[in-house]
Structures are given as C-alpha cells and as structure tokens.
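Below is the file input.txt, which contains compact mmCIF, C-alpha atoms and all ligand atoms.
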```
# COMPACT_ATOMS: atom_id res chain seq x y z
CA MET O 1 -42.93 50.96 -37.97
CA THR O 2 -39.74 48.92 -37.72
CA ASN O 3 -37.81 48.70 -34.48
CA LYS O 4 -34.38 50.18 -35.00
CA SER O 5 -31.57 48.95 -32.81
CA PHE O 6 -30.02 51.79 -30.83
CA MET O 7 -26.65 51.73 -29.13
CA THR O 8 -26.93 51.68 -25.32
CA LEU O 9 -25.22 54.24 -23.08
CA ASP O 10 -22.65 51.63 -22.00
CA GLU O 11 -21.89 50.60 -25.58
CA PHE O 12 -21.54 54.25 -26.56
CA THR O 13 -19.15 55.20 -23.75
CA ILE O 14 -17.01 52.12 -24.44
CA GLN O 15 -16.88 53.10 -28.11
CA GLN O 16 -15.81 56.63 -27.14
CA LEU O 17 -13.13 55.18 -24.87
CA ARG O 18 -11.55 53.49 -27.89
CA LEU O 19 -10.76 56.99 -29.21
CA PHE O 20 -8.42 57.38 -26.23
CA PRO O 21 -6.09 54.36 -26.08
CA GLY O 22 -4.70 55.38 -22.65
CA GLY O 23 -8.19 55.84 -21.13
CA THR O 24 -8.96 53.99 -17.89
CA GLY O 25 -12.73 53.75 -18.37
CA GLU O 26 -13.36 55.61 -15.11
CA LEU O 27 -15.52 58.27 -16.78
CA SER O 28 -17.53 55.57 -18.57
CA ARG O 29 -18.13 53.85 -15.23
CA LEU O 30 -19.21 57.14 -13.65
CA LEU O 31 -21.72 57.77 -16.44
CA ARG O 32 -23.00 54.22 -16.05
CA ASP O 33 -23.44 54.82 -12.28
CA ILE O 34 -25.28 58.11 -12.88
CA GLY O 35 -27.44 56.29 -15.45
CA LEU O 36 -28.23 53.57 -12.89
CA ALA O 37 -29.12 56.07 -10.15
CA SER O 38 -31.37 58.00 -12.52
CA LYS O 39 -33.18 54.84 -13.60
CA ARG O 40 -33.95 54.21 -9.94
CA ILE O 41 -35.04 57.84 -9.47
CA ASN O 42 -37.19 57.50 -12.58
CA VAL O 43 -39.04 54.54 -11.04
CA GLU O 44 -39.83 56.60 -7.93
CA VAL O 45 -40.85 59.68 -9.95
CA ASN O 46 -43.19 57.58 -12.10
CA LYS O 47 -45.11 56.16 -9.16
CA ALA O 48 -44.83 59.22 -6.92
CA GLY O 49 -48.61 59.78 -6.84
CA LEU O 50 -49.18 56.21 -5.62
CA GLN O 51 -46.79 56.35 -2.69
CA ASP O 52 -46.33 58.57 0.28
CA ILE O 53 -43.40 60.38 -1.34
CA ILE O 54 -45.09 63.57 -2.53
CA GLY O 55 -44.73 66.63 -0.33
CA ASN O 56 -42.14 68.02 2.02
CA PHE O 57 -39.49 65.99 3.82
CA GLY O 58 -39.84 68.30 6.83
CA THR O 59 -36.47 70.04 6.68
CA THR O 60 -34.94 72.96 4.79
CA ASN O 61 -31.67 72.78 2.86
CA ILE O 62 -28.66 75.10 3.26
CA GLN O 63 -30.39 77.55 0.92
CA GLY O 64 -33.36 77.75 3.29
CA GLU O 65 -35.69 75.96 0.85
CA GLU O 66 -38.15 73.22 1.81
CA VAL O 67 -36.69 69.79 0.98
CA LYS O 68 -39.19 67.51 -0.78
CA LYS O 69 -39.31 63.79 0.00
CA LEU O 70 -38.39 62.99 -3.60
CA ASP O 71 -35.45 65.44 -3.39
CA MET O 72 -34.07 63.38 -0.52
CA LEU O 73 -34.75 60.07 -2.21
CA ALA O 74 -32.98 61.18 -5.40
CA ASN O 75 -30.09 62.63 -3.40
CA ASN O 76 -29.57 59.35 -1.52
CA GLN O 77 -29.78 57.25 -4.68
CA LEU O 78 -27.05 59.27 -6.40
CA ARG O 79 -24.85 59.44 -3.32
CA ASN O 80 -25.14 55.71 -2.61
CA VAL O 81 -24.68 54.53 -6.20
CA LEU O 82 -21.64 56.78 -6.69
CA ARG O 83 -20.17 55.64 -3.39
CA SER O 84 -20.53 51.94 -4.15
CA GLY O 85 -19.38 52.41 -7.77
CA MET O 86 -15.99 53.59 -6.44
CA SER O 87 -15.28 55.57 -9.59
CA CYS O 88 -15.29 58.95 -7.88
CA ALA O 89 -13.53 60.35 -4.86
CA GLY O 90 -16.48 62.30 -3.49
CA VAL O 91 -19.67 64.16 -4.30
CA CYS O 92 -21.31 67.44 -3.60
CA SER O 93 -25.08 67.95 -3.75
CA GLU O 94 -27.39 70.91 -3.74
CA GLU O 95 -29.22 69.17 -0.89
CA GLU O 96 -26.17 68.60 1.35
CA ASN O 97 -24.48 71.27 3.47
CA GLU O 98 -20.94 70.00 2.94
CA ILE O 99 -19.03 67.96 0.36
CA ILE O 100 -19.10 64.18 0.93
CA VAL O 101 -15.63 62.62 0.87
CA PHE O 102 -15.81 58.86 0.26
CA ASP O 103 -12.36 58.23 1.73
CA ASP O 104 -11.68 54.55 1.06
CA GLU O 105 -8.72 53.14 -0.83
CA LEU O 106 -10.40 52.74 -4.21
CA SER O 107 -12.27 56.06 -4.06
CA ASN O 108 -9.14 57.94 -3.00
CA ASN O 109 -7.49 56.65 -6.16
CA SER O 110 -10.32 57.92 -8.38
CA LYS O 111 -9.65 60.83 -10.69
CA TYR O 112 -13.06 62.45 -10.51
CA VAL O 113 -15.52 64.25 -8.26
CA VAL O 114 -19.22 64.70 -9.09
CA LEU O 115 -21.60 67.55 -8.27
CA PHE O 116 -25.35 67.22 -8.69
CA ASP O 117 -28.76 68.72 -8.24
CA PRO O 118 -30.63 65.46 -7.56
CA LEU O 119 -34.08 66.74 -8.49
CA ASP O 120 -34.27 70.12 -10.13
CA GLY O 121 -37.62 71.90 -10.40
CA SER O 122 -38.81 70.04 -7.34
CA SER O 123 -41.56 72.58 -6.63
CA ASN O 124 -43.24 70.92 -9.64
CA ILE O 125 -43.23 67.41 -8.13
CA ASP O 126 -46.63 67.70 -6.52
CA THR O 127 -48.28 68.59 -9.84
CA ASN O 128 -46.65 65.99 -12.10
CA ILE O 129 -44.68 68.47 -14.22
CA THR O 130 -41.36 67.55 -15.85
CA ILE O 131 -38.41 67.57 -13.47
CA GLY O 132 -34.77 66.56 -13.85
CA THR O 133 -31.40 65.63 -12.41
CA ILE O 134 -28.34 67.75 -13.30
CA PHE O 135 -24.71 66.67 -12.90
CA SER O 136 -21.21 67.99 -13.39
CA ILE O 137 -17.90 66.09 -13.33
CA PHE O 138 -14.46 67.52 -12.57
CA LYS O 139 -11.03 65.94 -12.57
CA ARG O 140 -9.43 66.25 -9.15
CA VAL O 141 -6.65 68.76 -8.48
CA THR O 142 -5.45 67.04 -5.27
CA PRO O 143 -3.08 64.04 -5.45
CA LEU O 144 -4.49 60.56 -6.16
CA GLY O 145 -4.27 58.29 -3.13
CA THR O 146 -5.49 61.01 -0.76
CA PRO O 147 -9.09 61.90 0.17
CA CYS O 148 -10.58 64.59 -2.08
CA THR O 149 -11.01 68.10 -0.65
CA ILE O 150 -13.15 71.17 -1.32
CA ALA O 151 -10.47 72.38 -3.80
CA ASP O 152 -11.45 69.53 -6.12
CA PHE O 153 -14.99 70.89 -6.31
CA LEU O 154 -14.32 74.65 -6.42
CA GLN O 155 -13.10 74.75 -10.02
CA GLU O 156 -14.14 77.01 -12.89
CA GLY O 157 -16.81 75.57 -15.17
CA HIS O 158 -14.51 75.35 -18.18
CA LYS O 159 -12.60 72.66 -16.30
CA GLN O 160 -15.59 70.28 -16.30
CA VAL O 161 -14.77 67.05 -18.10
CA ALA O 162 -18.42 66.17 -18.53
CA ALA O 163 -21.82 67.56 -17.61
CA GLY O 164 -25.33 66.39 -18.23
CA TYR O 165 -28.90 66.05 -17.15
CA VAL O 166 -31.70 63.52 -16.95
CA ILE O 167 -35.16 64.72 -17.89
CA TYR O 168 -38.15 62.88 -16.41
CA GLY O 169 -40.68 63.92 -19.04
CA SER O 170 -43.06 62.19 -21.42
CA SER O 171 -40.07 59.93 -21.92
CA THR O 172 -36.95 59.83 -19.76
CA MET O 173 -33.73 61.00 -21.36
CA LEU O 174 -30.13 61.32 -20.31
CA VAL O 175 -28.14 63.98 -22.18
CA TYR O 176 -24.46 64.49 -21.54
CA ALA O 177 -21.64 66.56 -22.96
CA THR O 178 -17.90 66.04 -23.10
CA ARG O 179 -15.40 67.86 -25.28
CA LEU O 180 -16.29 65.29 -27.94
CA GLY O 181 -19.84 66.64 -28.16
CA VAL O 182 -23.35 66.30 -26.78
CA ASN O 183 -25.41 63.12 -27.06
CA GLY O 184 -28.89 62.19 -25.86
CA PHE O 185 -30.14 58.76 -24.75
CA THR O 186 -33.79 57.83 -24.30
CA LEU O 187 -34.67 55.27 -21.64
CA ASP O 188 -36.19 52.21 -23.31
CA PRO O 189 -38.40 50.84 -20.50
CA SER O 190 -38.67 47.43 -22.18
CA ILE O 191 -34.97 46.72 -21.66
CA GLY O 192 -34.24 49.26 -18.89
CA GLU O 193 -31.41 50.87 -20.86
CA PHE O 194 -30.64 54.40 -22.04
CA CYS O 195 -30.31 54.16 -25.84
CA LEU O 196 -28.67 56.66 -28.16
CA SER O 197 -31.61 58.51 -29.72
CA HIS O 198 -30.17 62.02 -30.21
CA PRO O 199 -26.58 61.71 -31.47
CA GLU O 200 -24.38 64.81 -31.79
CA ILE O 201 -26.88 67.38 -30.56
CA ALA O 202 -26.28 70.86 -31.99
CA CYS O 203 -28.22 73.82 -30.63
CA PRO O 204 -29.76 75.83 -33.52
CA SER O 205 -28.14 79.28 -33.71
CA GLU O 206 -31.58 80.96 -33.58
CA GLY O 207 -34.90 79.92 -32.07
CA ASN O 208 -38.48 81.08 -31.64
CA THR O 209 -38.67 80.75 -27.89
CA TYR O 210 -37.66 82.70 -24.81
CA SER O 211 -37.98 81.36 -21.28
CA VAL O 212 -38.08 83.65 -18.27
CA ASN O 213 -40.14 84.23 -15.13
CA GLU O 214 -41.54 87.52 -16.38
CA SER O 215 -43.43 88.20 -13.16
CA ASN O 216 -40.09 89.57 -11.93
CA TYR O 217 -39.82 92.00 -14.89
CA ALA O 218 -40.01 95.16 -12.77
CA CYS O 219 -37.00 94.02 -10.69
CA PHE O 220 -34.80 92.99 -13.66
CA PRO O 221 -31.79 95.07 -14.77
CA GLU O 222 -32.60 97.69 -17.43
CA GLY O 223 -30.78 95.86 -20.23
CA VAL O 224 -32.77 92.68 -19.59
CA ARG O 225 -36.05 94.62 -19.61
CA ALA O 226 -35.11 96.33 -22.90
CA TYR O 227 -34.20 92.94 -24.43
CA LEU O 228 -37.52 91.38 -23.36
CA ASP O 229 -39.39 94.40 -24.80
CA SER O 230 -37.54 93.94 -28.09
CA LEU O 231 -38.53 90.27 -28.25
CA LYS O 232 -42.18 91.24 -28.03
CA GLU O 233 -41.72 93.54 -30.99
CA GLY O 234 -40.25 90.70 -32.99
CA ASN O 235 -36.64 91.81 -32.43
CA ARG O 236 -34.55 90.67 -35.39
CA LYS O 237 -37.04 88.02 -36.38
CA LYS O 238 -38.03 88.17 -40.01
CA GLU O 239 -41.58 86.97 -39.49
CA GLY O 240 -43.92 86.91 -36.52
CA THR O 241 -42.93 87.22 -32.89
CA TYR O 242 -41.36 84.97 -30.28
CA SER O 243 -43.20 82.57 -28.01
CA LEU O 244 -42.73 82.62 -24.26
CA ARG O 245 -42.33 79.10 -22.85
CA TYR O 246 -41.55 78.72 -19.16
CA ALA O 247 -42.11 75.51 -17.23
CA GLY O 248 -40.40 76.73 -14.04
CA SER O 249 -38.27 73.62 -14.32
CA MET O 250 -34.98 74.52 -15.97
CA VAL O 251 -34.27 71.02 -17.23
CA ALA O 252 -37.52 71.13 -19.21
CA ASP O 253 -36.97 74.69 -20.48
CA LEU O 254 -33.34 74.16 -21.37
CA HIS O 255 -33.88 70.77 -22.99
CA ARG O 256 -36.52 72.25 -25.31
CA ASN O 257 -34.33 75.25 -26.16
CA LEU O 258 -31.29 73.01 -26.75
CA ILE O 259 -33.17 70.93 -29.31
CA LYS O 260 -35.28 73.65 -30.94
CA GLY O 261 -33.25 76.81 -30.28
CA GLY O 262 -34.16 79.60 -27.88
CA ILE O 263 -32.94 81.57 -24.91
CA PHE O 264 -33.40 81.12 -21.14
CA LEU O 265 -32.97 84.00 -18.73
CA TYR O 266 -32.76 83.93 -14.94
CA PRO O 267 -31.38 87.38 -14.14
CA GLY O 268 -30.52 88.89 -10.78
CA THR O 269 -33.20 91.20 -9.37
CA THR O 270 -33.11 94.33 -7.25
CA GLU O 271 -33.70 92.11 -4.22
CA LYS O 272 -31.51 89.15 -5.20
CA ALA O 273 -28.57 90.41 -7.24
CA SER O 274 -27.27 86.89 -7.89
CA GLY O 275 -30.66 85.49 -8.87
CA LYS O 276 -31.79 82.08 -7.75
CA LEU O 277 -29.87 79.43 -9.66
CA ARG O 278 -26.82 77.67 -8.23
CA LEU O 279 -23.54 78.10 -10.09
CA MET O 280 -22.15 74.63 -9.39
CA TYR O 281 -25.27 72.48 -9.80
CA GLU O 282 -27.29 74.36 -12.42
CA CYS O 283 -25.43 77.15 -14.26
CA ASN O 284 -22.06 75.45 -14.87
CA PRO O 285 -23.41 72.14 -16.22
CA PHE O 286 -25.86 73.82 -18.60
CA ALA O 287 -23.28 76.41 -19.70
CA TYR O 288 -20.93 73.54 -20.58
CA ILE O 289 -23.61 71.51 -22.39
CA TYR O 290 -24.72 74.54 -24.44
CA LYS O 291 -21.14 75.50 -25.26
CA MET O 292 -20.38 71.99 -26.51
CA ALA O 293 -23.59 72.12 -28.57
CA GLY O 294 -22.63 75.47 -30.15
CA GLY O 295 -24.64 77.76 -27.84
CA LYS O 296 -23.50 80.31 -25.24
CA ALA O 297 -24.01 81.18 -21.56
CA ASN O 298 -23.11 84.15 -19.41
CA ASP O 299 -24.05 85.82 -16.15
CA GLY O 300 -24.65 89.20 -17.79
CA LYS O 301 -21.00 90.21 -17.47
CA GLN O 302 -18.85 87.21 -18.19
CA ASP O 303 -18.91 83.66 -19.53
CA ILE O 304 -20.39 81.43 -16.82
CA LEU O 305 -17.57 78.95 -17.41
CA ASN O 306 -14.94 81.53 -16.35
CA ILE O 307 -16.43 82.28 -12.92
CA VAL O 308 -14.06 81.30 -10.12
CA PRO O 309 -16.34 79.74 -7.47
CA LEU O 310 -15.80 80.71 -3.85
CA ASP O 311 -18.56 78.61 -2.30
CA ILE O 312 -20.13 75.32 -3.37
CA HIS O 313 -23.62 76.75 -2.89
CA GLU O 314 -23.17 80.18 -4.52
CA ARG O 315 -25.75 81.54 -6.93
CA SER O 316 -25.40 83.30 -10.23
CA PRO O 317 -27.60 85.08 -12.78
CA LEU O 318 -27.90 82.88 -15.87
CA PHE O 319 -28.47 83.67 -19.53
CA VAL O 320 -28.08 80.68 -21.80
CA GLY O 321 -29.20 79.76 -25.28
CA SER O 322 -28.74 79.82 -29.02
CA LYS O 323 -25.59 81.62 -30.12
CA GLU O 324 -27.16 84.45 -32.13
CA MET O 325 -29.88 85.14 -29.57
CA MET O 326 -27.23 85.31 -26.85
CA GLU O 327 -25.10 87.69 -28.92
CA ASP O 328 -28.12 89.88 -29.42
CA LEU O 329 -28.83 89.89 -25.67
CA GLU O 330 -25.20 90.83 -25.04
CA THR O 331 -25.66 94.05 -27.05
CA PHE O 332 -28.51 95.03 -24.69
CA LEU O 333 -26.52 94.16 -21.56
CA ALA O 334 -23.36 95.97 -22.70
P1 LIG O 401 -35.22 74.23 -7.27
O1 LIG O 401 -33.77 73.88 -7.15
O2 LIG O 401 -35.86 74.62 -5.99
O3 LIG O 401 -35.96 73.19 -7.99
O4 LIG O 401 -35.28 75.59 -8.12
C1 LIG O 401 -34.70 75.64 -9.39
C2 LIG O 401 -35.78 75.93 -10.38
C3 LIG O 401 -35.34 75.86 -11.82
O5 LIG O 401 -35.52 74.58 -12.34
C4 LIG O 401 -36.28 76.84 -12.46
O6 LIG O 401 -35.79 77.34 -13.67
C5 LIG O 401 -36.41 77.90 -11.42
O7 LIG O 401 -36.18 77.27 -10.18
C6 LIG O 401 -37.77 78.51 -11.39
O8 LIG O 401 -37.78 79.53 -10.45
P2 LIG O 401 -38.97 80.58 -10.37
O9 LIG O 401 -40.11 79.88 -9.76
O10 LIG O 401 -38.43 81.68 -9.53
O11 LIG O 401 -39.26 81.05 -11.76
```
Would you mind giving the structure from this file in structure tokens?
Ligand code: AHM
Amino acid sequence: MTNKSFMTLDEFTIQQLRLFPGGTGELSRLLRDIGLASKRINVEVNKAGLQDIIGNFGTTNIQGEEVKKLDMLANNQLRNVLRSGMSCAGVCSEEENEIIVFDDELSNNSKYVVLFDPLDGSSNIDTNITIGTIFSIFKRVTPLGTPCTIADFLQEGHKQVAAGYVIYGSSTMLVYATRLGVNGFTLDPSIGEFCLSHPEIACPSEGNTYSVNESNYACFPEGVRAYLDSLKEGNRKKEGTYSLRYAGSMVADLHRNLIKGGIFLYPGTTEKASGKLRLMYECNPFAYIYKMAGGKANDGKQDILNIVPLDIHERSPLFVGSKEMMEDLETFLA
C-alpha cells in the first residue's frame, strides 16, 4: 500500500478561510484549539486502564449524575486550551453548573462562544467502549469588547456556525460541520495531526440500522412504539429487516449512522418526558451535523434546530438520522 498525503486540519481550515476574503481566522483557530485539546484527551483515554483515572471523581454534576475522573480531565483540557487560545469569549460545559466567562481583553474581543460535552458516553469508560467529545460554536449576540453573557449561549441550534465531535474509537477522528459541509479527519498518531480522511460527508438517505435503548419500549410514546414495530416487520425495506445497533454512546451510534445511514432515537418516556439527552451539548450539535450532511433531526414535534433554549442544561427528546427514515418516522409521530 502506498502512503497517500492527506491535508491536515490546519491546512484544511486555512484553505476554507481563503473562500472568505474578509475572514479573520478566528474559527480556524478555535477548531485548532479543540483539535489540540482532543489530542490531549485522546492520550489520557488511550492509557486510562494504566493510570488511576478510571472510575468516579466523587462528585455529581448539575444533572445529578456521577462525574467520572476522565470527564473532569477532559473538561479541564477543553476549558484550559480554549482559555489560553483566546479565540473565544467563554465556554459552557455539560460538567459545569454555570457558563465560564473568560473576561480578558483578547477574549472579550472574540466573536465566538463554545459549548461542549467533554466526554460523552462516559458510563462506558470503565469498559473500554468508544466514547467521544461533542462541541457547538455560536457567534456572540452581545457587543465585542464586553464579557460574554448567558444570552450568547442560549441561541437556537440553527444559529450554530459550526458543530462537531471527536470519536475515540479504533481510530480517533474529528468530524465537524459548517454551512460549507461536513468533513472528517483521522488522527495520524505518527505525526500527531488530524488529517482529512472523510471529505464532504453525506449521510445516505436510507440505512439498515436503527439505534435505540429498547428496554424503555413500554414507556415510549405510542407513535415511537408503532414505528419500532414497523421496523421489525421490515417497514418499507425491499429486502430483509433492519439491524438494531446501540452502543449506549451516542457519538459511536451517530457516527456509524452518519457514514452508513440509519436512525437514532432517544424519545421522552412516561417518567421523563424530555428524555435524557442535553439540547445544547448533544442534540443541537448532532442535529446541525446531520442537517449539513443531508439528514434530519427533530424532537418528535419540531426541528431540533428551531427550539428556543431556556436553560443551558435543558434536555430534549432526539430523533436523528437519514432523511427518508426520518420522514417515515414523522408519519408515525404525526
Ligand atoms: P452521558 O452524558 O452520561 O454520557 O449520557 C449520554 C449517553 C449518550 O451517549 C447515549 O446515547 C445515552 O447516554 C445512553 O443512555 P441510556 O443508557 O439511557 O441508553
């Protein structure tokens, strides 16, 4: 096999910048910073079993969930790298109670704020199953030169300027979307760079896979149950039936479905009407990525990207996937 030369993440973002002559390069710098933080997280994830970083940190987050040591480590890496990069005005993390305003001269003059789930699927850490980092970037609505405020973060998903994820799997990949499209970069450990391996990702309009925690079936809304029943009967599939694939780590499930086609469902239940997933750190970024790749996402009633957030930690049901599978689901939910 010959070694092809792949463009690095930095080279790619600089090339994209050339399409916008007035661009300041701030977004490119932010993506570089997120890339750097995730390379550091990747190192820790890779040797987690060899260090005392598996298990609980000993606290619970604002959602009442146990915080893992690696959750905290990843959170601090992202927060610190983004703070010292000075290309964003502040951040907001699933693991922090409040927004973090950087409030120094350079940061106050930055156009962007970043939201992230530092380590999604963290209940899988202890068993070496694929986990990920998810991020979302908004342009500020408050004036440059002032510290950012909560209003900069509480924006509808369609106002994201970029969103992406890093998947710590059999290889480590960074995938991000802007209105120019969705591109995937695989970490080449020999040079320590993310390299463009999956240019212009398009989600197939149909797939063979559905991903859902079916143990909650009895508590799902009727339309969701009817849709799942139809999948088992083959639904509109011409041959065979669908396969259920659920890692319990949404980055893994949604990455597979993005590349191969499929649908992911995390509905509300009779006990938890809004489900489990967080609008700002999980639903919005993936809804944006799928939309830019030709897929769709909704909460059962409306496009995820149109939800007006009221709280940085609010939850939402999530249905996201290949366009035709989503349209089919919509007929059951209607
Ligand atoms: P986390 O933020 O505690 O990691 O939870 C989010 C994860 C998602 O990655 C995954 O899709 C979901 O929780 C799985 O939940 P469940 O175990 O209820 O199926």
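The coordinates place atom CA of O:Ala163 at 23.2 Å from atom CA of O:Glu44.
Of the residues under consideration (O:Gly164, O:Gly181, O:Ser190, O:Asp103), O:Asp103 shows the shortest atom-to-atom contact distance to O:Arg83 when counting all atoms listed in the file.
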7 Å from ligand LIG 401 (chain O) is the threshold here; counting all atoms listed in the file, which polymer residues fall inside it? Answer as a count of residues only.
13
Extract, using all atoms listed in the file, all DNA, RNA and protein residues at most 10 Å from O:Leu17, discarding same-chain residues fewer than 6 positions from it, and format them as a list of chain:residue names.
O:Glu11, O:Gly23, O:Thr24, O:Gly25, O:Glu26, O:Leu27, O:Ser28
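Near O:Glu330, within 8 Å and counting all atoms listed in the file, sit Gly300, Met326 and Ala334 of chain O; same-chain residues fewer than 4 positions away were not included.
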Distance atom CA of O:Val101-atom CA of O:Ala74, one decimal place?
18.5 Å
Counting all atoms listed in the file, which residue out of O:Ala202, O:Tyr227, O:Lys272, O:His158 sits closest to O:Ala297?
O:His158
For O:Cys283, which residue out of O:Val212, O:Cys195, O:Ala252, O:Ile134 is the nearest one, using all atoms listed in the file?
O:Ile134
Find the smallest box with edges along x, y and z containing every listed atom of stretch 91-107 of chain O, then add 3 Å on each side and report centre and edge lengths in Å to one decimal, as AutoDock Vina command-line options.
```
--center_x -19.0 --center_y 62.0 --center_z -0.4 --size_x 26.5 --size_y 24.5 --size_z 13.8
```
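The coordinates place atom CA of O:Thr209 at 5.5 Å from atom CA of O:Tyr242.
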Compile the contact shell of O:Pro221 as a PyMOL selection string: residues with an atom at most 10 Å away, counting only C-alpha atoms, same-chain residues fewer than 5 positions apart removed.
chain O and resi 226+267-270+273+300+333
Which polymer residues, protein or nucleic acid, are no farther than 10 Å from (-25.6, 74.5, -22.5), counting all atoms listed in the file, as a ChimeraX atom specification?
/O:163-164,177,182,203,254-255,257-258,283-297,320-322
Deliver the residues from the most recent selection as a file, using C-alpha atoms, as a short mmCIF file (atom, residue, chain, number, x, y, z; two decimals), in the coordinates of the input.
```cif
data_model
loop_
_atom_site.label_atom_id
_atom_site.label_comp_id
_atom_site.auth_asym_id
_atom_site.auth_seq_id
_atom_site.Cartn_x
_atom_site.Cartn_y
_atom_site.Cartn_z
CA ALA O 163 -21.82 67.56 -17.61
CA GLY O 164 -25.33 66.39 -18.23
CA ALA O 177 -21.64 66.56 -22.96
CA VAL O 182 -23.35 66.30 -26.78
CA CYS O 203 -28.22 73.82 -30.63
CA LEU O 254 -33.34 74.16 -21.37
CA HIS O 255 -33.88 70.77 -22.99
CA ASN O 257 -34.33 75.25 -26.16
CA LEU O 258 -31.29 73.01 -26.75
CA CYS O 283 -25.43 77.15 -14.26
CA ASN O 284 -22.06 75.45 -14.87
CA PRO O 285 -23.41 72.14 -16.22
CA PHE O 286 -25.86 73.82 -18.60
CA ALA O 287 -23.28 76.41 -19.70
CA TYR O 288 -20.93 73.54 -20.58
CA ILE O 289 -23.61 71.51 -22.39
CA TYR O 290 -24.72 74.54 -24.44
CA LYS O 291 -21.14 75.50 -25.26
CA MET O 292 -20.38 71.99 -26.51
CA ALA O 293 -23.59 72.12 -28.57
CA GLY O 294 -22.63 75.47 -30.15
CA GLY O 295 -24.64 77.76 -27.84
CA LYS O 296 -23.50 80.31 -25.24
CA ALA O 297 -24.01 81.18 -21.56
CA VAL O 320 -28.08 80.68 -21.80
CA GLY O 321 -29.20 79.76 -25.28
CA SER O 322 -28.74 79.82 -29.02
#
```
Got a sec: who's within 12 Å of O:Ser230, counting only C-alpha atoms, leaving out chain neighbours fewer than 3 positions off, as a ChimeraX atom specification?
/O:210,223-227,233-237,241-242,325,328-329,331-332
Counting all atoms listed in the file, what is within 8 Å of O:Asp299, bar same-chain residues fewer than 3 positions away, as a PyMOL selection string?
chain O and resi 267+302-304+316-319
